[in-house]
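For reference, target35.tsv is printed below; it contains TSV, C-alpha atoms and all ligand atoms.
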chain	number	residue	atom	x	y	z
U	1	MET	CA	122.58	107.89	110.09
U	2	MET	CA	122.33	110.49	107.29
U	3	SER	CA	118.87	109.17	106.39
U	4	ARG	CA	117.62	109.58	109.95
U	5	LEU	CA	119.02	113.12	110.11
U	6	LEU	CA	117.20	113.99	106.89
U	7	LEU	CA	113.96	112.49	108.16
U	8	HIS	CA	114.35	114.53	111.32
U	9	ALA	CA	114.97	117.64	109.21
U	10	ALA	CA	111.79	116.86	107.24
U	11	GLN	CA	109.76	117.65	110.37
U	12	ASN	CA	111.68	120.81	111.29
U	13	LYS	CA	109.43	123.82	110.62
U	14	LYS	CA	112.25	126.38	111.02
U	15	LEU	CA	114.39	124.62	108.45
U	16	GLU	CA	111.33	124.29	106.23
U	17	ARG	CA	110.77	128.09	106.33
U	18	LEU	CA	114.47	128.70	105.62
U	19	VAL	CA	114.77	126.29	102.72
U	20	SER	CA	111.30	126.94	101.27
U	21	GLY	CA	112.12	130.65	101.19
U	22	GLN	CA	114.61	129.92	98.42
U	23	PRO	CA	113.16	130.18	94.93
U	24	MET	CA	112.07	126.75	93.75
U	25	THR	CA	114.56	126.09	91.00
U	26	ARG	CA	113.61	124.55	87.69
U	27	GLY	CA	115.98	121.62	88.22
U	28	LEU	CA	114.31	120.67	91.46
U	29	VAL	CA	110.82	120.98	89.95
U	30	ASP	CA	111.78	118.86	86.99
U	31	ARG	CA	113.28	116.04	89.01
U	32	PHE	CA	110.79	115.22	91.80
U	33	VAL	CA	107.84	117.63	91.62
U	34	ALA	CA	105.62	118.23	88.59
U	35	GLY	CA	105.36	121.95	89.32
U	36	VAL	CA	103.41	124.37	91.44
U	37	THR	CA	99.98	124.42	89.79
U	38	LEU	CA	97.26	121.92	88.95
U	39	ASP	CA	97.83	122.77	85.28
U	40	ASP	CA	101.49	121.69	85.65
U	41	ALA	CA	100.35	118.38	87.15
U	42	ILE	CA	97.77	117.76	84.40
U	43	THR	CA	100.38	118.49	81.72
U	44	VAL	CA	102.69	115.88	83.26
U	45	ALA	CA	99.79	113.40	83.63
U	46	GLN	CA	98.92	113.77	79.95
U	47	ARG	CA	102.57	113.38	78.91
U	48	MET	CA	102.87	110.21	81.00
U	49	GLY	CA	99.58	108.94	79.61
U	50	ARG	CA	101.00	109.16	76.09
U	51	GLU	CA	103.85	106.89	77.26
U	52	GLY	CA	101.45	104.30	78.67
U	53	LEU	CA	101.96	105.34	82.31
U	54	ASP	CA	99.06	106.00	84.71
U	55	VAL	CA	99.48	108.62	87.40
U	56	SER	CA	98.30	109.50	90.87
U	57	LEU	CA	98.33	113.23	91.61
U	58	ASP	CA	99.43	114.34	95.06
U	59	LEU	CA	98.76	117.90	96.20
U	60	LEU	CA	101.79	118.61	98.41
U	61	GLY	CA	101.03	119.57	101.99
U	62	GLU	CA	100.69	117.76	105.30
U	63	GLN	CA	100.11	118.14	109.03
U	64	VAL	CA	97.73	121.10	108.86
U	65	GLU	CA	96.90	122.59	112.25
U	66	ASP	CA	94.46	125.23	111.07
U	67	LEU	CA	91.19	123.63	109.94
U	68	ALA	CA	90.70	126.36	107.35
U	69	ASP	CA	93.82	124.96	105.62
U	70	ALA	CA	92.25	121.48	105.71
U	71	THR	CA	89.10	122.82	104.03
U	72	ALA	CA	91.21	124.64	101.44
U	73	ALA	CA	93.16	121.42	100.69
U	74	THR	CA	89.87	119.50	100.33
U	75	ASP	CA	88.60	122.09	97.85
U	76	GLN	CA	91.84	121.87	95.86
U	77	TYR	CA	91.58	118.10	95.78
U	78	ILE	CA	88.00	118.39	94.50
U	79	ASP	CA	89.24	120.71	91.74
U	80	THR	CA	91.93	118.11	91.01
U	81	VAL	CA	89.53	115.16	90.59
U	82	GLN	CA	87.35	117.30	88.32
U	83	ALA	CA	90.36	118.29	86.21
U	84	ILE	CA	91.41	114.62	86.01
U	85	ALA	CA	87.96	113.62	84.76
U	86	ARG	CA	88.15	116.27	82.03
U	87	HIS	CA	91.78	115.94	80.96
U	88	SER	CA	93.38	112.72	82.24
U	89	PRO	CA	90.85	109.93	82.80
U	90	GLY	CA	92.28	106.92	84.65
U	91	ALA	CA	94.43	109.05	86.94
U	92	THR	CA	93.83	108.87	90.69
U	93	VAL	CA	94.59	111.26	93.54
U	94	SER	CA	96.74	110.44	96.58
U	95	VAL	CA	95.81	112.17	99.81
U	96	LYS	CA	97.43	112.50	103.21
U	97	LEU	CA	94.75	112.63	105.89
U	98	SER	CA	96.90	114.96	108.01
U	99	GLN	CA	96.36	117.46	105.19
U	100	LEU	CA	92.59	117.03	105.58
U	101	GLY	CA	92.93	117.69	109.31
U	102	ILE	CA	93.06	114.24	110.96
U	103	LEU	CA	95.58	115.35	113.60
U	104	ALA	CA	93.60	118.49	114.43
U	105	ASP	CA	89.99	117.25	114.44
U	106	ARG	CA	89.00	113.77	113.32
U	107	GLN	CA	85.36	114.69	112.70
U	108	VAL	CA	86.27	117.58	110.45
U	109	CYS	CA	88.70	115.32	108.62
U	110	ALA	CA	85.97	112.67	108.14
U	111	LYS	CA	83.67	115.34	106.71
U	112	ASN	CA	86.42	116.57	104.34
U	113	LEU	CA	87.31	113.05	103.24
U	114	ASN	CA	83.67	112.14	102.57
U	115	GLN	CA	83.21	115.32	100.60
U	116	LEU	CA	86.24	114.48	98.47
U	117	LEU	CA	85.18	110.85	97.97
U	118	GLU	CA	81.69	111.91	96.94
U	119	ALA	CA	83.05	114.43	94.44
U	120	ALA	CA	85.55	111.87	93.10
U	121	ALA	CA	82.90	109.14	92.76
U	122	ALA	CA	80.65	111.58	90.87
U	123	VAL	CA	83.31	111.91	88.15
U	124	ASP	CA	84.60	108.32	88.40
U	125	VAL	CA	88.06	109.11	89.81
U	126	ASP	CA	89.63	106.82	92.43
U	127	VAL	CA	91.18	108.10	95.65
U	128	GLU	CA	94.25	106.65	97.39
U	129	LEU	CA	95.15	107.36	101.01
U	130	ASP	CA	98.85	107.72	101.76
U	131	MET	CA	100.07	106.26	105.03
U	132	GLU	CA	102.00	108.77	107.12
U	133	HIS	CA	104.02	108.71	110.32
U	134	SER	CA	102.59	106.29	112.89
U	135	SER	CA	101.08	109.22	114.86
U	136	ALA	CA	98.55	109.48	112.01
U	137	GLY	CA	98.57	105.76	111.21
U	138	ARG	CA	95.85	104.39	113.46
U	139	PRO	CA	93.43	107.29	112.73
U	140	THR	CA	94.06	106.84	108.98
U	141	LEU	CA	93.35	103.13	109.23
U	142	GLU	CA	90.10	103.79	111.09
U	143	ALA	CA	89.05	106.47	108.62
U	144	PHE	CA	89.71	103.99	105.78
U	145	HIS	CA	87.53	101.35	107.50
U	146	ASP	CA	84.75	103.92	107.89
U	147	VAL	CA	84.63	104.94	104.23
U	148	LEU	CA	85.04	101.49	102.65
U	149	PRO	CA	81.34	100.45	102.78
U	150	ARG	CA	80.37	103.49	100.64
U	151	TYR	CA	83.57	103.86	98.64
U	152	PRO	CA	85.06	100.35	98.25
U	153	ASP	CA	87.43	101.39	95.45
U	154	THR	CA	89.42	103.63	97.81
U	155	ARG	CA	92.99	102.38	98.19
U	156	MET	CA	95.18	102.81	101.28
U	157	ALA	CA	98.96	102.49	101.60
U	158	ILE	CA	100.44	100.13	104.16
U	159	GLN	CA	104.07	100.18	105.29
U	160	ALA	CA	106.14	96.99	105.37
U	161	ALA	CA	108.50	98.48	107.96
U	162	LEU	CA	105.84	98.86	110.63
U	163	ARG	CA	105.69	95.96	113.06
U	164	THR	CA	101.87	96.10	113.25
U	165	THR	CA	101.30	95.82	109.49
U	166	PRO	CA	101.05	91.98	109.27
U	167	GLU	CA	98.36	92.10	111.96
U	168	ASP	CA	96.53	94.97	110.23
U	169	LEU	CA	96.64	93.08	106.96
U	170	ALA	CA	95.28	89.91	108.61
U	171	ALA	CA	92.34	91.97	109.89
U	172	PHE	CA	91.69	93.14	106.31
U	173	VAL	CA	91.65	89.70	104.71
U	174	ASP	CA	87.84	89.35	104.97
U	175	ILE	CA	87.15	92.91	103.81
U	176	LYS	CA	89.50	92.63	100.80
U	177	PRO	CA	90.23	96.31	100.30
U	178	ARG	CA	92.51	97.86	97.69
U	179	LEU	CA	95.98	98.39	99.14
U	180	ARG	CA	99.31	99.91	98.10
U	181	LEU	CA	102.29	98.21	99.71
U	182	VAL	CA	105.32	100.45	100.39
U	183	LYS	CA	108.40	100.04	102.56
U	184	GLY	CA	107.70	103.13	104.71
U	185	ALA	CA	109.31	106.56	104.48
U	186	TYR	CA	109.10	107.91	108.04
U	187	ASP	CA	111.44	108.02	111.01
U	188	GLU	CA	109.88	105.61	113.52
U	189	PRO	CA	111.21	104.29	116.82
U	190	LEU	CA	112.68	100.80	116.75
U	191	SER	CA	109.85	99.61	118.99
U	192	ARG	CA	107.38	100.40	116.18
U	193	ALA	CA	109.32	99.74	113.00
U	194	LEU	CA	112.01	97.58	111.47
U	195	ARG	CA	115.06	99.56	110.41
U	196	ASP	CA	117.35	96.96	108.93
U	197	ARG	CA	116.96	97.19	105.13
U	198	LYS	CA	117.15	93.41	104.66
U	199	GLU	CA	114.44	92.86	107.27
U	200	VAL	CA	112.19	95.46	105.64
U	201	THR	CA	112.68	93.85	102.23
U	202	ALA	CA	111.90	90.40	103.65
U	203	GLN	CA	108.74	91.77	105.25
U	204	TYR	CA	107.82	93.48	101.95
U	205	ARG	CA	108.14	90.19	100.10
U	206	TYR	CA	106.03	88.34	102.66
U	207	LEU	CA	103.28	90.99	102.64
U	208	ALA	CA	103.30	91.20	98.83
U	209	GLY	CA	102.40	87.50	98.65
U	210	ARG	CA	99.57	87.93	101.16
U	211	ILE	CA	98.16	90.96	99.33
U	212	LEU	CA	98.32	89.27	95.94
U	213	ALA	CA	96.46	86.29	97.38
U	214	HIS	CA	93.74	88.26	99.18
U	215	CYS	CA	93.23	91.79	97.86
U	216	PRO	CA	91.87	93.07	94.54
U	217	VAL	CA	94.01	95.20	92.18
U	218	PRO	CA	96.89	95.61	94.60
U	219	ALA	CA	99.56	98.23	94.02
U	220	PHE	CA	103.24	97.77	94.81
U	221	GLY	CA	104.95	101.08	95.47
U	222	THR	CA	108.64	100.32	95.13
U	223	HIS	CA	111.70	100.90	92.93
U	224	ASP	CA	113.60	97.98	94.44
U	225	ASP	CA	114.57	95.37	91.83
U	226	GLU	CA	114.38	92.56	94.38
U	227	CYS	CA	110.84	93.48	95.46
U	228	ILE	CA	109.69	94.01	91.88
U	229	GLU	CA	111.06	90.65	90.77
U	230	HIS	CA	109.42	88.99	93.76
U	231	VAL	CA	106.04	90.57	92.92
U	232	ARG	CA	106.33	89.49	89.27
U	233	ARG	CA	107.02	85.89	90.25
U	234	ALA	CA	104.47	85.77	93.08
U	235	ALA	CA	101.74	87.20	90.82
U	236	GLU	CA	102.48	84.58	88.20
U	237	ALA	CA	102.53	81.80	90.81
U	238	CYS	CA	99.12	82.73	92.18
U	239	GLY	CA	97.56	83.41	88.77
U	240	VAL	CA	97.17	87.18	89.09
U	241	GLY	CA	97.43	88.61	85.56
U	242	LYS	CA	99.61	91.59	84.64
U	243	GLU	CA	96.48	93.73	84.21
U	244	ASP	CA	95.19	92.85	87.69
U	245	PHE	CA	97.81	94.67	89.77
U	246	GLU	CA	100.03	97.69	89.38
U	247	PHE	CA	103.52	98.82	90.14
U	248	GLN	CA	103.72	102.36	91.45
U	249	MET	CA	106.79	104.58	91.42
U	250	LEU	CA	107.61	108.13	92.31
U	251	TYR	CA	107.91	110.89	89.75
U	252	GLY	CA	111.59	111.31	88.89
U	253	VAL	CA	112.76	107.99	90.31
U	254	ARG	CA	113.96	105.13	88.09
U	255	ARG	CA	112.30	106.51	84.97
U	256	ASP	CA	113.88	103.84	82.73
U	257	LEU	CA	112.49	101.08	84.89
U	258	GLN	CA	108.99	102.62	84.76
U	259	ARG	CA	109.06	102.50	80.97
U	260	GLN	CA	110.64	99.02	80.84
U	261	LEU	CA	107.83	97.60	82.97
U	262	VAL	CA	105.26	99.16	80.63
U	263	ARG	CA	107.07	97.57	77.68
U	264	ASP	CA	106.93	94.24	79.56
U	265	GLY	CA	103.14	94.59	79.70
U	266	TYR	CA	102.74	95.69	83.34
U	267	ARG	CA	100.55	98.50	84.61
U	268	VAL	CA	102.65	101.29	86.09
U	269	ARG	CA	101.30	104.27	87.98
U	270	VAL	CA	103.58	107.21	88.71
U	271	TYR	CA	102.98	109.21	91.88
U	272	VAL	CA	103.13	112.84	90.75
U	273	PRO	CA	103.37	115.52	93.45
U	274	PHE	CA	102.58	119.15	92.71
U	275	GLY	CA	102.17	122.35	94.73
U	276	SER	CA	104.32	124.74	96.68
U	277	GLN	CA	104.73	122.78	99.95
U	278	TRP	CA	107.48	120.53	98.66
U	279	TYR	CA	109.92	120.63	101.62
U	280	PRO	CA	108.96	117.53	103.70
U	281	TYR	CA	108.31	115.47	100.57
U	282	LEU	CA	111.73	116.28	99.15
U	283	MET	CA	113.50	115.64	102.45
U	284	ARG	CA	112.02	112.14	102.53
U	285	ARG	CA	113.28	111.57	98.97
U	286	MET	CA	116.74	112.73	100.12
U	287	ALA	CA	116.57	110.31	103.05
U	288	GLU	CA	115.82	107.39	100.74
U	289	ARG	CA	118.90	108.18	98.69
U	290	PRO	CA	121.30	110.60	100.38
U	291	ALA	CA	123.13	110.98	97.02
U	292	ASN	CA	120.12	113.13	96.04
U	293	LEU	CA	121.23	115.62	98.68
U	294	LEU	CA	124.02	116.87	96.46
U	295	PHE	CA	121.57	117.46	93.64
U	296	PHE	CA	119.22	119.21	96.07
U	297	LEU	CA	121.90	121.49	97.54
U	298	ARG	CA	123.18	122.37	94.08
U	299	SER	CA	119.68	123.42	93.00
U	300	VAL	CA	119.03	125.48	96.15
U	301	VAL	CA	122.43	127.17	96.29
U	302	GLY	CA	123.19	127.30	92.58
U	303	GLY	CA	119.70	128.48	91.53
U	401	LIG	C1	104.03	105.27	94.51
U	401	LIG	C2	104.62	105.34	95.88
U	401	LIG	C3	103.83	105.75	96.93
U	401	LIG	C4	104.37	105.82	98.21
U	401	LIG	N1	103.54	106.11	99.26
U	401	LIG	C5	104.03	106.07	100.51
U	401	LIG	C6	103.18	106.21	101.63
U	401	LIG	O1	101.96	106.40	101.51
U	401	LIG	N2	103.74	106.14	102.87
U	401	LIG	C7	105.08	105.92	103.05
U	401	LIG	O2	105.52	105.83	104.20
U	401	LIG	N3	105.90	105.78	102.00
U	401	LIG	C8	105.43	105.85	100.75
U	401	LIG	N4	106.28	105.67	99.69
U	401	LIG	C9	107.75	105.66	99.90
U	401	LIG	C10	108.26	104.29	100.29
U	401	LIG	O3	107.83	103.97	101.59
U	401	LIG	C11	109.79	104.22	100.23
U	401	LIG	O4	110.33	105.14	101.13
U	401	LIG	C12	110.37	104.48	98.85
U	401	LIG	O5	109.59	103.92	97.85
U	401	LIG	C13	111.80	103.87	98.77
U	401	LIG	O6	111.73	102.48	98.91
U	401	LIG	P1	111.93	101.42	97.70
U	401	LIG	O7	110.92	100.35	97.87
U	401	LIG	O8	111.88	102.13	96.41
U	401	LIG	O9	113.32	100.75	97.97
U	401	LIG	P2	114.78	101.33	98.21
U	401	LIG	O10	115.59	100.15	98.63
U	401	LIG	O11	114.74	102.52	99.10
U	401	LIG	O12	115.22	101.81	96.77
U	401	LIG	C14	115.50	100.91	95.71
U	401	LIG	C15	116.20	101.69	94.62
U	401	LIG	O13	115.31	102.67	94.08
U	401	LIG	C16	115.97	103.88	93.84
U	401	LIG	N5	115.41	104.91	94.73
U	401	LIG	C17	114.57	104.74	95.76
U	401	LIG	N6	114.21	105.94	96.30
U	401	LIG	C18	114.84	106.87	95.58
U	401	LIG	C19	114.87	108.29	95.62
U	401	LIG	N7	114.19	108.98	96.52
U	401	LIG	N8	115.63	108.93	94.71
U	401	LIG	C20	116.34	108.26	93.76
U	401	LIG	N9	116.34	106.91	93.68
U	401	LIG	C21	115.61	106.23	94.55
U	401	LIG	C22	117.45	103.63	94.13
U	401	LIG	O14	118.02	103.20	92.92
U	401	LIG	C23	117.40	102.49	95.11
U	401	LIG	O15	118.57	101.72	95.09
U	401	LIG	C24	105.75	105.54	98.41
U	401	LIG	C25	106.53	105.11	97.35
U	401	LIG	C26	105.99	105.00	96.11
U	401	LIG	C27	106.86	104.51	95.01
Go ahead and express the file in the form of structure tokens.
Amino acid sequence: MMSRLLLHAAQNKKLERLVSGQPMTRGLVDRFVAGVTLDDAITVAQRMGREGLDVSLDLLGEQVEDLADATAATDQYIDTVQAIARHSPGATVSVKLSQLGILADRQVCAKNLNQLLEAAAAVDVDVELDMEHSSAGRPTLEAFHDVLPRYPDTRMAIQAALRTTPEDLAAFVDIKPRLRLVKGAYDEPLSRALRDRKEVTAQYRYLAGRILAHCPVPAFGTHDDECIEHVRRAAEACGVGKEDFEFQMLYGVRRDLQRQLVRDGYRVRVYVPFGSQWYPYLMRRMAERPANLLFFLRSVVGG
């Protein structure tokens, strides 16, 4: 119930203006967001690199309505891939297509995405597409299909909670794209998505096996011990080596586990968000673990 309320609040623009108007406190920055600037993100990426962790940088922002904002986000992403190439090779970027304009104008979004992919390929940086609310899901899937022939190393997230995902994955088996499997962070109607945690975990485990068997360098975005253990065992059973897949986790979540997996010889990539538009991202993190709400309120009210 609390989780659904928080997910609802994540989409509330009035609340966003109210909460975002508060100064972004240091505590909040340190826990879930690398900071406001690209320099902040690169500093975190380099620090993680020294600890054996890879990163994916996410410029916060989503659901742009004004296409000028989509162009500005594309330009910032291009700056980001160029900074990665100079200062943090091996890092990727994670992009939400709603930020590149997919809900406003699909053609403009396609142009922005191609521009970013071209710039990223020129400096040998990989791009990952986040999967958003199902209103952007189908267009994101189609955009991914369109770019794969030219940019086959692009990776897209798929959500275990969505009822259509097994079918989407079956359609991908011949193409063998790079995928990131996550549980799904958005408030979806029951007709579209599973809500029961046990059912979502069971679906995650099933899809993890399929992805390991059919897709190259898969990524498993989860902090759930049960899912992680399942992936470890399934990879071993189908002969996928520790270097041939990666675990991905969010900046600020289960930091000890991130480092333990590295010590165990696994590849771990940390998803590192940066920028000033942190509100919807943080609300989704609150929804995943309502105990975070207390921490959040303390940082907003207490400064
Ligand atoms: C790298 C990465 C990329 C992602 N990309 C997407 C995407 O593109 N689209 C999308 O819909 N979702 C995305 N997600 C979010 C994902 O869908 C889940 O909402 C999120 O990962 C929580 O699910 P879980 O598998 O960690 O399991 P859970 O059962 O939710 O969590 C397992 C344990 O992890 C810890 N934990 C989990 N979340 C938090 C948190 N916020 N704060 C503190 N502790 C926490 C708790 O200890 C919890 O018991 C991504 C997640 C990761 C890690």
Write out as a PDB file with C-alpha atoms, keeping the file's coordinate frame each polymer residue whose atoms come within 12 Å of Ala104 (chain U), counting only C-alpha atoms; drop sequence neighbours fewer than 5 positions from it.
ATOM      1  CA  GLU U  62     100.690 117.760 105.300  1.00  0.00           C
ATOM      2  CA  GLN U  63     100.110 118.140 109.030  1.00  0.00           C
ATOM      3  CA  VAL U  64      97.730 121.100 108.860  1.00  0.00           C
ATOM      4  CA  GLU U  65      96.900 122.590 112.250  1.00  0.00           C
ATOM      5  CA  ASP U  66      94.460 125.230 111.070  1.00  0.00           C
ATOM      6  CA  LEU U  67      91.190 123.630 109.940  1.00  0.00           C
ATOM      7  CA  ALA U  68      90.700 126.360 107.350  1.00  0.00           C
ATOM      8  CA  ASP U  69      93.820 124.960 105.620  1.00  0.00           C
ATOM      9  CA  ALA U  70      92.250 121.480 105.710  1.00  0.00           C
ATOM     10  CA  LEU U  97      94.750 112.630 105.890  1.00  0.00           C
ATOM     11  CA  SER U  98      96.900 114.960 108.010  1.00  0.00           C
ATOM     12  CA  GLN U  99      96.360 117.460 105.190  1.00  0.00           C
ATOM     13  CA  CYS U 109      88.700 115.320 108.620  1.00  0.00           C
ATOM     14  CA  ALA U 110      85.970 112.670 108.140  1.00  0.00           C
ATOM     15  CA  SER U 135     101.080 109.220 114.860  1.00  0.00           C
ATOM     16  CA  ALA U 136      98.550 109.480 112.010  1.00  0.00           C
ATOM     17  CA  PRO U 139      93.430 107.290 112.730  1.00  0.00           C
TER      18      PRO U 139
END
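Each of U:His214, U:Arg255, U:Arg289, U:Arg284 was checked against Met48 (chain U) using only C-alpha atoms; the smallest atom-to-atom distance is that of U:Arg255.
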Next item on the list: Would you list the residues that come within 9 Å of ligand LIG 401 (chain U)? Count only C-alpha atoms and all ligand atoms and give the answer as a ChimeraX atom specification.
Entry: /U:32,56,94-96,128-133,156-161,180-186,197,201,204,219-228,247-254,269-272,282-292
Note to self: So that I can see what lies close to Tyr151 (chain U), please list as a ChimeraX atom specification the residues with an atom at most 12 Å from it, counting all atoms listed in the file and leaving out residues fewer than 2 positions away in the same chain.
What the structure shows: /U:113-122,124-128,143-149,153-156,177-178
Return the padded bounding box of region 188-195 of chain U as AutoDock Vina command-line options: axis-aligned, built from all atoms listed in the file, 5 Å added on each side, with centre and edge lengths in Å to one decimal.
--center_x 111.2 --center_y 101.6 --center_z 114.7 --size_x 17.7 --size_y 18.0 --size_z 18.6
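Among the candidate residues U:Lys176, U:Lys13, U:Lys242, U:Arg205, the one lying nearest to Glu229 (chain U) is U:Arg205, with distances computed using all atoms listed in the file.
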Which residues, written as a compact mmCIF listing (two decimals) with C-alpha atoms, in the frame of the given file, have at least one atom at most 10 Å from Ala34 (chain U), with all atoms listed in the file counted and residues fewer than 3 positions away on the same chain left out?
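Result file follows (out01.txt):
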# COMPACT_ATOMS: atom_id res chain seq x y z
CA LEU U 28 114.31 120.67 91.46
CA VAL U 29 110.82 120.98 89.95
CA ASP U 30 111.78 118.86 86.99
CA ARG U 31 113.28 116.04 89.01
CA THR U 37 99.98 124.42 89.79
CA LEU U 38 97.26 121.92 88.95
CA ASP U 39 97.83 122.77 85.28
CA ASP U 40 101.49 121.69 85.65
CA ALA U 41 100.35 118.38 87.15
CA ILE U 42 97.77 117.76 84.40
CA THR U 43 100.38 118.49 81.72
CA VAL U 44 102.69 115.88 83.26
CA ALA U 45 99.79 113.40 83.63
CA LEU U 57 98.33 113.23 91.61
CA ASP U 58 99.43 114.34 95.06
CA TYR U 251 107.91 110.89 89.75
CA GLY U 252 111.59 111.31 88.89
CA TYR U 271 102.98 109.21 91.88
CA VAL U 272 103.13 112.84 90.75
CA PRO U 273 103.37 115.52 93.45
CA PHE U 274 102.58 119.15 92.71
CA GLY U 275 102.17 122.35 94.73
Would you write out, as a tab-separated table, a table of all residues in region 180-231 of chain U that have an atom no more than 9 Å from an atom of region 165-173 of chain U, listing for each the closest atom pair and the distance in Å to one decimal, considering all atoms listed in the file and ordering rows by chain and rising residue number?
residue	atom	partner	partner_atom	distance
U:Gln203	CA	U:Pro166	CA	8.7
U:Leu207	CA	U:Pro166	CA	7.1
U:Arg210	CA	U:Leu169	CA	8.3
U:Ile211	CA	U:Leu169	CA	8.1
U:His214	CA	U:Val173	CA	6.1
U:Cys215	CA	U:Val173	CA	7.3
Next item on the list: Enter the distance from CA of Arg106 (chain U) to CA of Trp278 (chain U), in Å, rounded to one decimal.
Entry: 24.5 Å
Next item on the list: Calculate how many Å separate CA of Gly52 (chain U) from CA of Gly265 (chain U), rounding to one decimal.
Entry: 9.9 Å
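Straight-line separation from CA of Thr80 (chain U) to CA of Gly101 (chain U): 18.3 Å.
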Could you pull the residues within 10 Å of Pro89 (chain U), counting only C-alpha atoms, minus those fewer than 4 positions along the same chain, as a compact mmCIF listing (two decimals) with C-alpha atoms, in the frame of the given file?
# COMPACT_ATOMS: atom_id res chain seq x y z
CA ALA U 45 99.79 113.40 83.63
CA GLN U 46 98.92 113.77 79.95
CA GLY U 49 99.58 108.94 79.61
CA ASP U 54 99.06 106.00 84.71
CA VAL U 55 99.48 108.62 87.40
CA VAL U 81 89.53 115.16 90.59
CA GLN U 82 87.35 117.30 88.32
CA ALA U 83 90.36 118.29 86.21
CA ILE U 84 91.41 114.62 86.01
CA ALA U 85 87.96 113.62 84.76
CA VAL U 123 83.31 111.91 88.15
CA ASP U 124 84.60 108.32 88.40
CA VAL U 125 88.06 109.11 89.81
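For the choices U:Gln107, U:Val93, U:Pro189, U:Arg138, the atom-to-atom distance to Arg4 (chain U) is smallest for U:Pro189 when using only C-alpha atoms.
Residue nearest Val262 (chain U), chosen from U:Leu194, U:Leu59, U:Leu7, U:Leu53 and counting only C-alpha atoms: U:Leu53.
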